[in-house]
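Visitor: Dropping a structure here in structure tokens format, bear with me for questions.
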Amino acid sequence: MPTPPPPHLPATAAHVRRHHTPHNAADGDDGDGSVPVGEGHVVRRVVPSDNNCLFHALGSCLGDKAATPEWMRGVVCDAILRYPQTYTEAVLGMPVAEYCEWIGKSTSWGGGIELAIFSSELRLEICSIDIQTGRADRFGEGKHARRVILFYSGVHYDYAAFTYDRASPQDFDLTVFDTDESGDEKLAAACELADKMRQKHEFTDTANFALRCNDCSMLLRGEKEAQQHLLDTLHVNYSEV
């Protein structure tokens, strides 16, 4: 049975809409955007900022064209309904039916709840590295033989890939790693790459950024106020000011 996400990855983060502008690493390497490991490099691959970044990032790691954001949102809803004792209103932050309706919309962002579900449903360890803090949240740690690695900026997900040649097309990337010593070396390299991103301030401080509720125009400061506003009003649409 899936386990709930840790409290430091609240569902509310997914409700914040932001026009994210990634660094100029369309090929995963901006001159300092890679870390050597073994015979190749770990790089960041950037996905579109269209409210589906988590789904794009994970789908790209899987390399399965059938893993569309629409399909993945359906997987989330099915799991929530199958495990009502795990995904309660307290965990979801709103009634179950309302959350399923919300996450089914293409404008809604995924977060820790979705990563916990995908780890269980896909039998895959999903490691999400927080760029701001360097913390690596490992969903399904110790339970699965395969791993994918995501980078989280506070408002956007990208993914890690291993390439033998940074000039090679992304079709030659390796994006699913074994959870063995070799895989751990690539995870360590991804954490080092996240450190480089942090030094360039390639993250958003969600505790202090300015938000506007798109449902009532109230101005808010940080995710904590947004979460309380959500609980008070059930308003779920926010934009960064």
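Lettering and numbering for the structure tokens are positional, with chains as A, B, ... in the shown order, residues counted from 1 in each chain, and ligands counted from 1 in the shown order.
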Find the spatial neighbours of Gln132 in chain A, counting only C-alpha atoms, within a cut-off of 8 Å - ignore same-chain residues fewer than 5 positions away - and output them as a PDB file with all heavy atoms, in the first residue's frame.
Guide:
ATOM      1  N   SER A 153      12.716  22.644  -7.902  1.00  0.00           N
ATOM      2  CA  SER A 153      13.166  24.019  -7.653  1.00  0.00           C
ATOM      3  C   SER A 153      12.299  24.768  -6.662  1.00  0.00           C
ATOM      4  O   SER A 153      12.583  25.911  -6.335  1.00  0.00           O
ATOM      5  CB  SER A 153      13.172  24.802  -8.973  1.00  0.00           C
ATOM      6  OG  SER A 153      11.842  25.084  -9.379  1.00  0.00           O
ATOM      7  N   GLY A 154      11.236  24.135  -6.190  1.00  0.00           N
ATOM      8  CA  GLY A 154      10.242  24.816  -5.367  1.00  0.00           C
ATOM      9  C   GLY A 154       8.963  25.047  -6.129  1.00  0.00           C
ATOM     10  O   GLY A 154       7.886  25.101  -5.537  1.00  0.00           O
ATOM     11  N   ARG A 198      21.985  25.255  -6.773  1.00  0.00           N
ATOM     12  CA  ARG A 198      21.709  26.091  -5.599  1.00  0.00           C
ATOM     13  C   ARG A 198      22.659  27.284  -5.547  1.00  0.00           C
ATOM     14  O   ARG A 198      22.252  28.397  -5.213  1.00  0.00           O
ATOM     15  CB  ARG A 198      21.821  25.256  -4.318  1.00  0.00           C
ATOM     16  CG  ARG A 198      21.524  26.061  -3.054  1.00  0.00           C
ATOM     17  CD  ARG A 198      21.312  25.173  -1.852  1.00  0.00           C
ATOM     18  NE  ARG A 198      22.468  24.356  -1.546  1.00  0.00           N
ATOM     19  CZ  ARG A 198      22.578  23.054  -1.809  1.00  0.00           C
ATOM     20  NH1 ARG A 198      21.591  22.427  -2.423  1.00  0.00           N
ATOM     21  NH2 ARG A 198      23.663  22.390  -1.492  1.00  0.00           N
ATOM     22  N   HIS A 201      21.409  29.933  -7.490  1.00  0.00           N
ATOM     23  CA  HIS A 201      20.079  30.344  -7.013  1.00  0.00           C
ATOM     24  C   HIS A 201      18.996  29.948  -8.013  1.00  0.00           C
ATOM     25  O   HIS A 201      18.066  30.722  -8.299  1.00  0.00           O
ATOM     26  CB  HIS A 201      20.017  31.847  -6.742  1.00  0.00           C
ATOM     27  CG  HIS A 201      19.026  32.202  -5.673  1.00  0.00           C
ATOM     28  ND1 HIS A 201      17.691  32.407  -5.931  1.00  0.00           N
ATOM     29  CD2 HIS A 201      19.164  32.339  -4.327  1.00  0.00           C
ATOM     30  CE1 HIS A 201      17.047  32.681  -4.805  1.00  0.00           C
ATOM     31  NE2 HIS A 201      17.920  32.640  -3.815  1.00  0.00           N
ATOM     32  N   GLU A 202      19.082  28.739  -8.511  1.00  0.00           N
ATOM     33  CA  GLU A 202      18.093  28.236  -9.455  1.00  0.00           C
ATOM     34  C   GLU A 202      16.966  27.522  -8.707  1.00  0.00           C
ATOM     35  O   GLU A 202      16.676  26.352  -8.941  1.00  0.00           O
ATOM     36  CB  GLU A 202      18.762  27.319 -10.475  1.00  0.00           C
ATOM     37  CG  GLU A 202      19.735  28.067 -11.385  1.00  0.00           C
ATOM     38  CD  GLU A 202      20.455  27.155 -12.354  1.00  0.00           C
ATOM     39  OE1 GLU A 202      20.234  25.932 -12.307  1.00  0.00           O
ATOM     40  OE2 GLU A 202      21.249  27.664 -13.162  1.00  0.00           O
ATOM     41  N   PHE A 203      16.346  28.242  -7.798  1.00  0.00           N
ATOM     42  CA  PHE A 203      15.224  27.726  -7.028  1.00  0.00           C
ATOM     43  C   PHE A 203      14.344  28.891  -6.625  1.00  0.00           C
ATOM     44  O   PHE A 203      14.736  30.057  -6.725  1.00  0.00           O
ATOM     45  CB  PHE A 203      15.711  26.970  -5.780  1.00  0.00           C
ATOM     46  CG  PHE A 203      16.489  27.814  -4.804  1.00  0.00           C
ATOM     47  CD1 PHE A 203      15.830  28.568  -3.838  1.00  0.00           C
ATOM     48  CD2 PHE A 203      17.872  27.860  -4.851  1.00  0.00           C
ATOM     49  CE1 PHE A 203      16.550  29.361  -2.940  1.00  0.00           C
ATOM     50  CE2 PHE A 203      18.592  28.637  -3.958  1.00  0.00           C
ATOM     51  CZ  PHE A 203      17.930  29.388  -3.003  1.00  0.00           C
ATOM     52  N   THR A 204      13.143  28.585  -6.142  1.00  0.00           N
ATOM     53  CA  THR A 204      12.211  29.582  -5.623  1.00  0.00           C
ATOM     54  C   THR A 204      11.967  29.307  -4.152  1.00  0.00           C
ATOM     55  O   THR A 204      11.663  28.171  -3.771  1.00  0.00           O
ATOM     56  CB  THR A 204      10.873  29.540  -6.383  1.00  0.00           C
ATOM     57  OG1 THR A 204      11.094  29.905  -7.748  1.00  0.00           O
ATOM     58  CG2 THR A 204       9.862  30.498  -5.771  1.00  0.00           C
ATOM     59  N   ASP A 205      12.126  30.317  -3.323  1.00  0.00           N
ATOM     60  CA  ASP A 205      11.907  30.189  -1.881  1.00  0.00           C
ATOM     61  C   ASP A 205      10.407  30.252  -1.622  1.00  0.00           C
ATOM     62  O   ASP A 205       9.827  31.333  -1.481  1.00  0.00           O
ATOM     63  CB  ASP A 205      12.638  31.307  -1.147  1.00  0.00           C
ATOM     64  CG  ASP A 205      12.508  31.191   0.372  1.00  0.00           C
ATOM     65  OD1 ASP A 205      11.803  30.280   0.845  1.00  0.00           O
ATOM     66  OD2 ASP A 205      13.110  32.018   1.071  1.00  0.00           O
TER      67      ASP A 205
END
Visitor: For Cys127 in chain A, please output as a compact mmCIF listing (two decimals) with all heavy atoms, in the first residue's frame all residues within 12 Å (counting only C-alpha atoms; exclusion window: fewer than 2 positions along the same chain).
Guide:
# COMPACT_ATOMS: atom_id res chain seq x y z
N LEU A 58 8.70 12.72 -15.02
CA LEU A 58 8.63 11.29 -14.72
C LEU A 58 8.37 10.49 -15.99
O LEU A 58 8.98 9.43 -16.20
CB LEU A 58 7.54 11.03 -13.69
CG LEU A 58 7.44 9.60 -13.16
CD1 LEU A 58 8.78 9.13 -12.62
CD2 LEU A 58 6.37 9.52 -12.08
N CYS A 61 11.53 10.10 -17.88
CA CYS A 61 12.39 9.09 -17.27
C CYS A 61 11.97 7.69 -17.68
O CYS A 61 12.81 6.82 -17.96
CB CYS A 61 12.34 9.20 -15.75
SG CYS A 61 13.21 10.63 -15.05
N GLY A 112 4.24 15.88 -3.71
CA GLY A 112 4.63 14.73 -2.92
C GLY A 112 3.62 13.60 -2.92
O GLY A 112 3.99 12.42 -2.94
N LEU A 115 4.07 11.72 -6.15
CA LEU A 115 5.31 10.95 -6.18
C LEU A 115 5.20 9.68 -5.35
O LEU A 115 5.70 8.62 -5.73
CB LEU A 115 6.47 11.81 -5.68
CG LEU A 115 6.87 12.97 -6.60
CD1 LEU A 115 7.98 13.79 -5.96
CD2 LEU A 115 7.30 12.48 -7.97
N ALA A 116 4.54 9.76 -4.18
CA ALA A 116 4.33 8.58 -3.35
C ALA A 116 3.51 7.54 -4.10
O ALA A 116 3.79 6.34 -4.06
CB ALA A 116 3.65 8.97 -2.04
N PHE A 118 3.09 7.24 -7.46
CA PHE A 118 3.81 6.69 -8.62
C PHE A 118 4.88 5.69 -8.18
O PHE A 118 5.11 4.69 -8.85
CB PHE A 118 4.43 7.81 -9.44
CG PHE A 118 3.43 8.63 -10.20
CD1 PHE A 118 3.52 10.02 -10.19
CD2 PHE A 118 2.41 8.04 -10.92
CE1 PHE A 118 2.60 10.78 -10.89
CE2 PHE A 118 1.49 8.79 -11.61
CZ PHE A 118 1.58 10.17 -11.60
N SER A 119 5.54 5.96 -7.07
CA SER A 119 6.55 5.03 -6.58
C SER A 119 5.94 3.66 -6.33
O SER A 119 6.49 2.63 -6.72
CB SER A 119 7.19 5.57 -5.30
OG SER A 119 8.06 4.61 -4.75
N LEU A 124 8.91 1.68 -8.27
CA LEU A 124 10.07 2.46 -8.66
C LEU A 124 10.44 3.40 -7.53
O LEU A 124 9.57 4.08 -6.98
CB LEU A 124 9.70 3.28 -9.91
CG LEU A 124 10.76 4.04 -10.66
CD1 LEU A 124 11.69 3.09 -11.40
CD2 LEU A 124 10.08 4.97 -11.68
N GLU A 125 11.70 3.44 -7.12
CA GLU A 125 12.12 4.47 -6.19
C GLU A 125 12.21 5.79 -6.95
O GLU A 125 12.83 5.87 -8.01
CB GLU A 125 13.49 4.16 -5.57
CG GLU A 125 13.94 5.25 -4.61
CD GLU A 125 15.34 5.02 -4.05
OE1 GLU A 125 15.59 3.91 -3.55
OE2 GLU A 125 16.17 5.95 -4.11
N ILE A 129 15.21 15.63 -5.52
CA ILE A 129 16.24 16.44 -4.86
C ILE A 129 15.78 17.89 -4.84
O ILE A 129 15.53 18.49 -5.89
CB ILE A 129 17.58 16.33 -5.60
CG1 ILE A 129 18.01 14.86 -5.69
CG2 ILE A 129 18.65 17.16 -4.90
CD1 ILE A 129 19.26 14.64 -6.53
N ASP A 130 15.64 18.44 -3.64
CA ASP A 130 15.25 19.83 -3.46
C ASP A 130 16.48 20.71 -3.68
O ASP A 130 17.46 20.62 -2.94
CB ASP A 130 14.68 20.04 -2.06
CG ASP A 130 14.12 21.42 -1.86
OD1 ASP A 130 14.92 22.37 -1.76
OD2 ASP A 130 12.89 21.56 -1.78
N GLY A 134 19.04 20.92 -0.79
CA GLY A 134 19.87 19.76 -1.04
C GLY A 134 19.30 18.47 -0.50
O GLY A 134 19.90 17.40 -0.65
N ARG A 135 18.11 18.55 0.11
CA ARG A 135 17.48 17.36 0.67
C ARG A 135 17.02 16.43 -0.45
O ARG A 135 16.45 16.87 -1.45
CB ARG A 135 16.27 17.77 1.51
CG ARG A 135 15.59 16.62 2.24
CD ARG A 135 14.29 17.06 2.91
NE ARG A 135 13.29 17.42 1.92
CZ ARG A 135 12.75 18.63 1.80
NH1 ARG A 135 13.13 19.61 2.59
NH2 ARG A 135 11.84 18.87 0.89
N ALA A 136 17.24 15.14 -0.29
CA ALA A 136 16.79 14.14 -1.25
C ALA A 136 15.67 13.32 -0.62
O ALA A 136 15.91 12.56 0.32
CB ALA A 136 17.94 13.24 -1.68
N ASP A 137 14.46 13.51 -1.10
CA ASP A 137 13.31 12.73 -0.62
C ASP A 137 13.20 11.49 -1.50
O ASP A 137 12.97 11.59 -2.70
CB ASP A 137 12.03 13.56 -0.70
CG ASP A 137 12.06 14.73 0.27
OD1 ASP A 137 12.31 14.49 1.47
OD2 ASP A 137 11.85 15.87 -0.17
N ARG A 138 13.33 10.31 -0.88
CA ARG A 138 13.38 9.07 -1.63
C ARG A 138 12.10 8.28 -1.39
O ARG A 138 11.95 7.59 -0.38
CB ARG A 138 14.62 8.28 -1.25
CG ARG A 138 15.89 9.03 -1.60
CD ARG A 138 17.15 8.38 -1.06
NE ARG A 138 17.38 7.07 -1.63
CZ ARG A 138 18.46 6.34 -1.39
NH1 ARG A 138 19.39 6.79 -0.58
NH2 ARG A 138 18.60 5.15 -1.94
N PHE A 139 11.17 8.40 -2.31
CA PHE A 139 9.90 7.70 -2.22
C PHE A 139 10.12 6.24 -2.63
O PHE A 139 10.63 5.96 -3.70
CB PHE A 139 8.87 8.36 -3.13
CG PHE A 139 8.53 9.77 -2.74
CD1 PHE A 139 9.32 10.82 -3.18
CD2 PHE A 139 7.44 10.05 -1.93
CE1 PHE A 139 9.02 12.14 -2.82
CE2 PHE A 139 7.14 11.35 -1.56
CZ PHE A 139 7.93 12.39 -2.01
N GLY A 140 9.73 5.32 -1.75
CA GLY A 140 9.93 3.90 -2.01
C GLY A 140 11.33 3.43 -1.72
O GLY A 140 11.75 2.37 -2.20
N GLU A 141 12.07 4.17 -0.90
CA GLU A 141 13.45 3.81 -0.59
C GLU A 141 13.51 2.42 0.04
O GLU A 141 12.76 2.09 0.94
CB GLU A 141 14.06 4.83 0.38
CG GLU A 141 15.50 4.54 0.74
CD GLU A 141 16.09 5.59 1.66
OE1 GLU A 141 15.34 6.50 2.10
OE2 GLU A 141 17.31 5.52 1.95
N GLY A 142 14.43 1.59 -0.49
CA GLY A 142 14.61 0.25 0.03
C GLY A 142 13.58 -0.76 -0.41
O GLY A 142 13.64 -1.93 -0.01
N HIS A 144 12.41 -1.00 -3.91
CA HIS A 144 12.40 -1.27 -5.35
C HIS A 144 13.83 -1.39 -5.89
O HIS A 144 14.77 -0.85 -5.31
CB HIS A 144 11.64 -0.17 -6.09
CG HIS A 144 10.27 0.08 -5.53
ND1 HIS A 144 9.26 -0.85 -5.58
CD2 HIS A 144 9.74 1.17 -4.90
CE1 HIS A 144 8.17 -0.36 -5.01
NE2 HIS A 144 8.44 0.87 -4.58
N ARG A 146 14.74 -0.35 -8.99
CA ARG A 146 15.03 0.69 -9.97
C ARG A 146 14.75 2.07 -9.37
O ARG A 146 13.92 2.21 -8.47
CB ARG A 146 14.19 0.50 -11.24
CG ARG A 146 14.38 -0.84 -11.93
CD ARG A 146 13.53 -0.91 -13.19
NE ARG A 146 12.12 -0.64 -12.88
CZ ARG A 146 11.26 -0.08 -13.72
NH1 ARG A 146 11.66 0.31 -14.91
NH2 ARG A 146 10.00 0.12 -13.37
N ARG A 147 15.42 3.07 -9.92
CA ARG A 147 15.31 4.43 -9.39
C ARG A 147 15.32 5.44 -10.52
O ARG A 147 16.03 5.29 -11.52
CB ARG A 147 16.49 4.71 -8.45
CG ARG A 147 16.60 6.16 -7.98
CD ARG A 147 17.94 6.40 -7.29
NE ARG A 147 18.08 5.61 -6.06
CZ ARG A 147 19.21 5.02 -5.69
NH1 ARG A 147 20.30 5.12 -6.44
NH2 ARG A 147 19.25 4.33 -4.57
N VAL A 148 14.53 6.52 -10.35
CA VAL A 148 14.65 7.71 -11.20
C VAL A 148 14.93 8.90 -10.29
O VAL A 148 14.64 8.85 -9.09
CB VAL A 148 13.38 7.96 -12.04
CG1 VAL A 148 13.12 6.80 -13.00
CG2 VAL A 148 12.17 8.22 -11.16
N ILE A 149 15.51 9.94 -10.86
CA ILE A 149 15.93 11.09 -10.07
C ILE A 149 15.34 12.36 -10.65
O ILE A 149 15.49 12.63 -11.85
CB ILE A 149 17.48 11.21 -10.04
CG1 ILE A 149 18.10 9.90 -9.53
CG2 ILE A 149 17.91 12.39 -9.18
CD1 ILE A 149 19.60 9.84 -9.70
N LEU A 150 14.67 13.13 -9.81
CA LEU A 150 14.08 14.41 -10.22
C LEU A 150 14.76 15.54 -9.46
O LEU A 150 15.26 15.36 -8.35
CB LEU A 150 12.58 14.44 -9.92
CG LEU A 150 11.73 13.29 -10.46
CD1 LEU A 150 10.27 13.50 -10.10
CD2 LEU A 150 11.90 13.13 -11.97
N PHE A 151 14.75 16.73 -10.06
CA PHE A 151 15.20 17.95 -9.40
C PHE A 151 13.98 18.83 -9.16
O PHE A 151 13.17 19.03 -10.07
CB PHE A 151 16.21 18.71 -10.26
CG PHE A 151 17.48 17.97 -10.54
CD1 PHE A 151 17.76 17.51 -11.81
CD2 PHE A 151 18.40 17.72 -9.53
CE1 PHE A 151 18.93 16.82 -12.09
CE2 PHE A 151 19.57 17.03 -9.78
CZ PHE A 151 19.84 16.58 -11.07
N TYR A 152 13.86 19.39 -7.95
CA TYR A 152 12.71 20.24 -7.61
C TYR A 152 13.20 21.62 -7.21
O TYR A 152 14.00 21.76 -6.27
CB TYR A 152 11.92 19.60 -6.48
CG TYR A 152 10.70 20.38 -6.07
CD1 TYR A 152 9.71 20.71 -7.00
CD2 TYR A 152 10.52 20.78 -4.76
CE1 TYR A 152 8.59 21.42 -6.64
CE2 TYR A 152 9.39 21.49 -4.38
CZ TYR A 152 8.43 21.81 -5.32
OH TYR A 152 7.32 22.52 -4.95
N TYR A 157 9.70 20.84 -11.64
CA TYR A 157 10.45 19.59 -11.66
C TYR A 157 11.18 19.42 -13.00
O TYR A 157 10.59 19.66 -14.06
CB TYR A 157 9.53 18.38 -11.48
CG TYR A 157 9.00 18.19 -10.08
CD1 TYR A 157 7.77 18.72 -9.71
CD2 TYR A 157 9.73 17.47 -9.14
CE1 TYR A 157 7.27 18.53 -8.43
CE2 TYR A 157 9.25 17.28 -7.86
CZ TYR A 157 8.02 17.82 -7.50
OH TYR A 157 7.53 17.64 -6.24
N ASP A 158 12.45 19.04 -12.95
CA ASP A 158 13.20 18.53 -14.08
C ASP A 158 13.70 17.15 -13.69
O ASP A 158 13.39 16.66 -12.61
CB ASP A 158 14.36 19.46 -14.44
CG ASP A 158 13.89 20.78 -15.05
OD1 ASP A 158 12.95 20.75 -15.88
OD2 ASP A 158 14.43 21.84 -14.68
N TYR A 159 14.48 16.51 -14.56
CA TYR A 159 14.95 15.16 -14.22
C TYR A 159 16.42 14.98 -14.55
O TYR A 159 17.00 15.74 -15.34
CB TYR A 159 14.11 14.10 -14.93
CG TYR A 159 14.25 14.05 -16.44
CD1 TYR A 159 15.10 13.12 -17.05
CD2 TYR A 159 13.50 14.89 -17.26
CE1 TYR A 159 15.21 13.05 -18.43
CE2 TYR A 159 13.61 14.82 -18.63
CZ TYR A 159 14.46 13.90 -19.23
OH TYR A 159 14.57 13.84 -20.59
N ALA A 160 17.02 14.00 -13.92
CA ALA A 160 18.44 13.69 -14.12
C ALA A 160 18.58 12.58 -15.15
O ALA A 160 17.76 11.66 -15.22
CB ALA A 160 19.08 13.27 -12.81
N VAL A 176 16.73 5.57 -16.00
CA VAL A 176 16.29 4.65 -14.94
C VAL A 176 17.53 3.90 -14.47
O VAL A 176 18.23 3.28 -15.27
CB VAL A 176 15.22 3.67 -15.44
CG1 VAL A 176 14.81 2.72 -14.31
CG2 VAL A 176 14.00 4.42 -15.96
N PHE A 177 17.80 3.99 -13.17
CA PHE A 177 19.04 3.45 -12.62
C PHE A 177 18.73 2.33 -11.63
O PHE A 177 17.70 2.35 -10.96
CB PHE A 177 19.82 4.56 -11.91
CG PHE A 177 19.97 5.81 -12.74
CD1 PHE A 177 19.23 6.95 -12.43
CD2 PHE A 177 20.81 5.84 -13.83
CE1 PHE A 177 19.34 8.10 -13.19
CE2 PHE A 177 20.93 6.98 -14.61
CZ PHE A 177 20.20 8.11 -14.29
N THR A 179 19.22 0.40 -8.12
CA THR A 179 19.47 0.89 -6.77
C THR A 179 20.63 0.11 -6.16
O THR A 179 20.52 -0.45 -5.06
CB THR A 179 18.21 0.77 -5.90
OG1 THR A 179 17.74 -0.59 -5.96
CG2 THR A 179 17.12 1.70 -6.37
N GLY A 183 24.22 2.80 -9.19
CA GLY A 183 23.12 3.76 -9.13
C GLY A 183 23.31 4.79 -8.06
O GLY A 183 22.96 5.96 -8.22
N ASP A 184 23.88 4.37 -6.93
CA ASP A 184 24.14 5.31 -5.84
C ASP A 184 25.18 6.35 -6.25
O ASP A 184 25.12 7.51 -5.83
CB ASP A 184 24.61 4.57 -4.59
CG ASP A 184 23.50 3.78 -3.92
OD1 ASP A 184 22.31 4.02 -4.25
OD2 ASP A 184 23.82 2.91 -3.08
N LYS A 186 25.50 7.57 -9.25
CA LYS A 186 24.79 8.54 -10.08
C LYS A 186 23.89 9.43 -9.24
O LYS A 186 23.73 10.62 -9.53
CB LYS A 186 24.00 7.80 -11.17
CG LYS A 186 24.91 7.08 -12.16
CD LYS A 186 24.13 6.28 -13.17
CE LYS A 186 25.06 5.64 -14.20
NZ LYS A 186 25.97 4.64 -13.59
N LEU A 187 23.31 8.88 -8.16
CA LEU A 187 22.51 9.71 -7.26
C LEU A 187 23.40 10.73 -6.57
O LEU A 187 23.01 11.91 -6.44
CB LEU A 187 21.82 8.82 -6.22
CG LEU A 187 21.02 9.55 -5.13
CD1 LEU A 187 19.97 10.47 -5.73
CD2 LEU A 187 20.38 8.53 -4.19
N ALA A 188 24.59 10.33 -6.14
CA ALA A 188 25.51 11.27 -5.51
C ALA A 188 25.91 12.38 -6.49
O ALA A 188 26.02 13.56 -6.11
CB ALA A 188 26.75 10.53 -5.01
N ALA A 190 24.05 13.45 -8.96
CA ALA A 190 22.88 14.31 -9.11
C ALA A 190 22.76 15.28 -7.95
O ALA A 190 22.41 16.45 -8.13
CB ALA A 190 21.61 13.46 -9.23
N CYS A 191 23.07 14.82 -6.74
CA CYS A 191 23.06 15.71 -5.58
C CYS A 191 24.13 16.80 -5.73
O CYS A 191 23.90 17.96 -5.36
CB CYS A 191 23.28 14.92 -4.30
SG CYS A 191 21.90 13.85 -3.82
Visitor: Considering only helix (DSSP H, G or I) as DSSP defines it on the backbone, what residues of range 7-241 of chain A qualify? List them as a count of residues only.
Guide: 86
Visitor: Using only C-alpha atoms, find the one residue out of A:Ala145, A:Met94, A:Ile126, A:Ala167 that sits nearest to Leu231 in chain A.
Guide: A:Met94
Visitor: When DSSP is applied to the backbone of this structure, which of range 9-212 of chain A are assigned strand (DSSP E)? Write them out as a ChimeraX atom specification.
Guide: /A:16-17,34-37,40-45,125-130,136-139,146-152,157-163,177-178,210-212
